[in-house]
Structure formats: C-alpha cells, structure tokens
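**Student:** Starting off with a structure, shown below.
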Amino acid sequence: MRVASVLLLAVLASFSAADDPSKPHDHQGKLDKFKLGPPPALSSSERAAVDAGKTVSKTVPVEGGARALAVFDVAAPPAVVWACINDLPAYPRMVPGVHATKVYGGGTRGGVKTTLVTWTLKLLGYSVTYHLEFQHSPSASAAAFALDYSRNSDIDDTVGYWHVAPRNGGSSSRVTYSAALLLKGWFPKPVVDFLLSTTLGRATQWVATEAATRLRKEGTSAAPSHGRRCTGVWPFRRCAPPPAPPPPPAGMAPPPPC
C-alpha cells in the first residue's frame, strides 16, 4: 500500500500543473462521443437483474484508461434524478473525490442545454483538473459530455452519457450511465484504479443517495390524494380526476342544478 501511495504521488506530481485554460488541448478528441438518444439495449438476463433491484455494471480496460457502463434503478421520479445530475455546482458535495466544479459558460440551442464546467479532483493532496462540455436534452431524456478541447486538461480524453427513463408509473427511474477515460502517459495500476473509481465507478452510489435526500426534504409537505388514484411522489405526483357521482336511481329525477 505504501508503494502504491508513493507511485500515485509521483505520477500526479508530474502533471499537477499541466492544466492551462488559456491553451487548447493537445487534440480535438480521441474517443467517440456519445449521442443524445436512447441507451443500448440490455440482454434479457441483464434486464432481469436490474428488475430485481441489482446494478448491472461493466468496466473494460483499454490502453491508457477504461470504459464503464452501469444500469440501475433509483427510487425517485426522473425529474428528481435529473435535478441531481444537472446540479453541477453541487458535485463536490454529492460525489466523493470531486473537490471543485466551476461553470464558465454555456447556453441553449435547439432544446439542448450546454454547460461548460471545470472539474478538480483532489487525490492525496494533488489536483487533477479538466474542462467539460456537458449537454442535456430533456426531450431525449439524455445527457452527454466530453472534454472542452479549447482548453488544455490534465487528462487525455473523456466522454460520458446519462439516460433516465420512468419506471412504475413515474415514481422511480431507470438510470443508464456510461463513460470512458484516457489518461496522459503511462500510469501504474494502483493509480489507474484510484482515478477510475473517482471518475467512472461511483455513479450508482451518489445518484441514489442524493435523490433520496432530496425526496425526504421535498416530502415534508406531501399533497394529499383525497381518495384519488395517484402515481409518483410529491411534488411530481399526478392524480386522476375524481370519479363522477353515481347516477340517480331509476325513476328519480336528478337534483336541480346549483
């Protein structure tokens, strides 16, 4: 463990000052970007596992980094899950390993909201900083991110994808998260594992935890259903109209209108 810590400190020290927002990145993208659309289909066994409350996850090592995929259910409506994912300034509080985030630009075009944000990870006293372009399409219920290649980052490349689908009448969500990360230069396995656990491996943990926290705070003034059939969780609950009164018995005139 001591050797791993020394290796980590040495490698991170070698690029702790590489980030430079005044200069463009070394390239314009090595990884294929994700599209704002539906997630990849699960196999029947994978779908059955997620239906049973398990997380389906895969991590595939690639040269210089890794690719990861996770599919899991969250006991919160999609609107609450998206509120967590899109709350980029709150990531330092929500996601372990993220030290700081700073939004520096963005806008909306064609129904897609773009946010430019700088991320800083703190690893054993050293900083890893990179700049992301984060796009969210509410109509596709998807988000995708990649490096902002107009700024130089400490990592070589990264891309990622979120998709949130309603479940159980909208009271819960099925979340798909996929990402890929390429590091600069050669890294020993302990360093790679440390970085990947921070950037790729914790989506299933923080989303569910944060969504549950927000639901507890919002649920303090839950709206009553008044006997109506409702789905979802307040304040995103939707209730059917109250049933019509029964018709008067045969031979009896209906009451006069008010």
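Lettering and numbering for the structure tokens are positional, with chains as A, B, ... in the shown order, residues counted from 1 in each chain, and ligands counted from 1 in the shown order.
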Per DSSP on the backbone, what are the strand (DSSP E or B) residues of region 3-221 of chain A, as a count of residues only?
**Tutor:** 83
**Student:** When you look at region 206-208 of chain A with a cut-off of 12 Å (counting only C-alpha atoms), what residues show up, excluding the ones that are within fewer than 5 positions of it in the same chain? I need them as a ChimeraX atom specification.
**Tutor:** /A:55,70-78,80-87,90-98,162,164,172-177,198,200-201,213-215
**Student:** Let's see if you can do this: from backbone DSSP, list all alpha helix (DSSP H) residues in region 28-99 of chain A, as a PyMOL selection string.
**Tutor:** chain A and resi 44-51+78-85+91-94
**Student:** For Lys58 (chain A), please output as a list in words all residues within 9 Å (counting only C-alpha atoms; exclusion window: fewer than 4 positions along the same chain).
**Tutor:**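 In the requested format, the answer is Arg67, Ala68, Leu69 and Ala70 of chain A.
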**Student:** Can you pull out every residue within 9 Å of Ser22 (chain A), counting only C-alpha atoms, but drop anything in the same chain fewer than 5 positions away, and send it as a ChimeraX atom specification?
**Tutor:** /A:150-152
**Student:** Which polymer residues have any atom within 6 Å of an atom of His99 (chain A), counting only C-alpha atoms, with same-chain residues fewer than 5 positions away left out, as a list in words?
**Tutor:**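 Skipping anything fewer than 5 positions along the chain leaves Pro92, Thr120, Leu121 and Lys122 of chain A.
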**Student:** Nearest to Leu88 (chain A) among A:Gln135, A:Lys184, A:Ser127, A:Gly65, with distances taken over only C-alpha atoms: which residue is it?
**Tutor:**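 Going through A:Gln135, A:Lys184, A:Ser127, A:Gly65 one by one, the smallest distance to Leu88 (chain A) is for A:Gln135.
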**Student:** Go through A:Gly53, A:Gly219, A:Pro21, A:Gly160 and flag the residue nearest Lys35 (chain A), using only C-alpha atoms for the distances.
**Tutor:** A:Gly160
**Student:** List the neighbours of Ser45 (chain A) out to 12 Å using only C-alpha atoms; skip same-chain residues closer than 6 positions along the sequence, and give me the result as a list in words.
**Tutor:**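 Surrounding residues, per the criterion: Asp51, Ala52, Lys54 and Val56 of chain A.
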**Student:** Take the residues that were just selected and, keeping all heavy atoms, output them as a PDB file, in the first residue's frame.
**Tutor:**
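Just written: part.pdb:
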ATOM      1  N   ASP A  51     -34.296  -5.439 -12.976  1.00  0.00           N
ATOM      2  CA  ASP A  51     -35.668  -5.528 -12.465  1.00  0.00           C
ATOM      3  C   ASP A  51     -35.705  -6.065 -11.040  1.00  0.00           C
ATOM      4  O   ASP A  51     -36.613  -5.735 -10.262  1.00  0.00           O
ATOM      5  CB  ASP A  51     -36.518  -6.429 -13.366  1.00  0.00           C
ATOM      6  CG  ASP A  51     -36.834  -5.789 -14.713  1.00  0.00           C
ATOM      7  OD1 ASP A  51     -36.695  -4.556 -14.831  1.00  0.00           O
ATOM      8  OD2 ASP A  51     -37.206  -6.526 -15.648  1.00  0.00           O
ATOM      9  N   ALA A  52     -34.714  -6.892 -10.701  1.00  0.00           N
ATOM     10  CA  ALA A  52     -34.654  -7.475  -9.362  1.00  0.00           C
ATOM     11  C   ALA A  52     -33.961  -6.548  -8.359  1.00  0.00           C
ATOM     12  O   ALA A  52     -33.736  -6.933  -7.213  1.00  0.00           O
ATOM     13  CB  ALA A  52     -33.929  -8.817  -9.404  1.00  0.00           C
ATOM     14  N   LYS A  54     -30.876  -5.111  -8.793  1.00  0.00           N
ATOM     15  CA  LYS A  54     -29.418  -5.162  -8.843  1.00  0.00           C
ATOM     16  C   LYS A  54     -28.891  -4.124  -9.831  1.00  0.00           C
ATOM     17  O   LYS A  54     -29.617  -3.646 -10.704  1.00  0.00           O
ATOM     18  CB  LYS A  54     -28.946  -6.563  -9.240  1.00  0.00           C
ATOM     19  CG  LYS A  54     -29.383  -7.663  -8.281  1.00  0.00           C
ATOM     20  CD  LYS A  54     -28.926  -9.029  -8.766  1.00  0.00           C
ATOM     21  CE  LYS A  54     -29.367 -10.125  -7.816  1.00  0.00           C
ATOM     22  NZ  LYS A  54     -28.955 -11.481  -8.280  1.00  0.00           N
ATOM     23  N   VAL A  56     -26.407  -3.498 -12.932  1.00  0.00           N
ATOM     24  CA  VAL A  56     -25.625  -4.145 -13.983  1.00  0.00           C
ATOM     25  C   VAL A  56     -24.485  -3.202 -14.338  1.00  0.00           C
ATOM     26  O   VAL A  56     -24.727  -2.063 -14.755  1.00  0.00           O
ATOM     27  CB  VAL A  56     -26.492  -4.439 -15.225  1.00  0.00           C
ATOM     28  CG1 VAL A  56     -25.622  -4.891 -16.395  1.00  0.00           C
ATOM     29  CG2 VAL A  56     -27.531  -5.504 -14.902  1.00  0.00           C
TER      30      VAL A  56
END
**Student:** When you draw a straight line from CA of Gly37 (chain A) to CA of Gly107 (chain A), how long is it in Å?
**Tutor:** 19.9 Å
